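Asker: A single structure is presented below for examination.
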Amino acid sequence: MKPSINVQQASGPRLFPGQRWVNIALRCGHLVGVAGIGGGFLFGVEEARWLPFWYLTVGSGVLLVLLYLWSEAQWLCRLKGAIIVIKLVLLASTLLWPAWREALFILLILLSGWIAHAPGVVRGYLVLRCGRHRPEVV
């Protein structure tokens, strides 16, 4: 029996005016951050130059997670949400294990590409049972 997290599920995701633009702005900042840390990790740039990009990447990633959770808490129970949490943990790990930065970064890029372009049935796969199951519209 799978553990159940009791989450009240509304008839649809919560939205606020301008949410799409907030999402786009956060994603753009996230891409700038990823490019900055990629240059730092892959080409041996000193930490002082790429660390602000690391903070931008983590900060925008956390804000995106909070936005998705606010919109629909069940997002975290789906594979796409679980992968994002895993990516945040891997990114935090780059500070703990500097010798693994390149490999962790490449793994992050591969996970990102895979989940971003996977079919909706894969992205929406329910990895945890959270309240009432509502099939995702693909």
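Residues in the structure tokens are named by chain (A, B, ... in the order shown) and by number from 1 within that chain; ligands are numbered from 1 in the order shown.
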Near Gly59 (chain A), counting only C-alpha atoms, which residues have an atom at most 12 Å away, once you skip same-chain residues fewer than 3 positions from it, shown as a PyMOL selection string?
Answerer: chain A and resi 26-27+29-31+33-34+52-56+62-66+88+91-92
Asker: Would you kindly return, as a count of residues only, each protein, DNA or RNA residue with an atom no farther than 12 Å from any atom of Ala99 (chain A), considering only C-alpha atoms and excluding same-chain residues fewer than 5 positions away?
Answerer: 7
Asker: Would you list, as a ChimeraX atom specification, the residues of region 60-101 of chain A that end up in alpha helix (DSSP H) under DSSP run on this structure's backbone?
Answerer: /A:60-71,79-96,101
Asker: To one decimal in Å, tell me the separation between CA of Leu95 (chain A) and CA of Glu47 (chain A).
Answerer: 10.0 Å
Asker: Taking into account only C-alpha atoms, which residue in the set A:Gly40, A:Ser112, A:Arg49, A:Ser60 is nearest to Pro98 (chain A)?
Answerer: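 Selected residue with least distance to Pro98 (chain A): A:Gly40.
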Asker: Choose the residue, out of A:Leu69, A:Ile84, A:Val89, A:Cys130, that has the smallest atom-to-atom separation from Leu111 (chain A); count only C-alpha atoms.
Answerer: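 Selected residue with least distance to Leu111 (chain A): A:Ile84.
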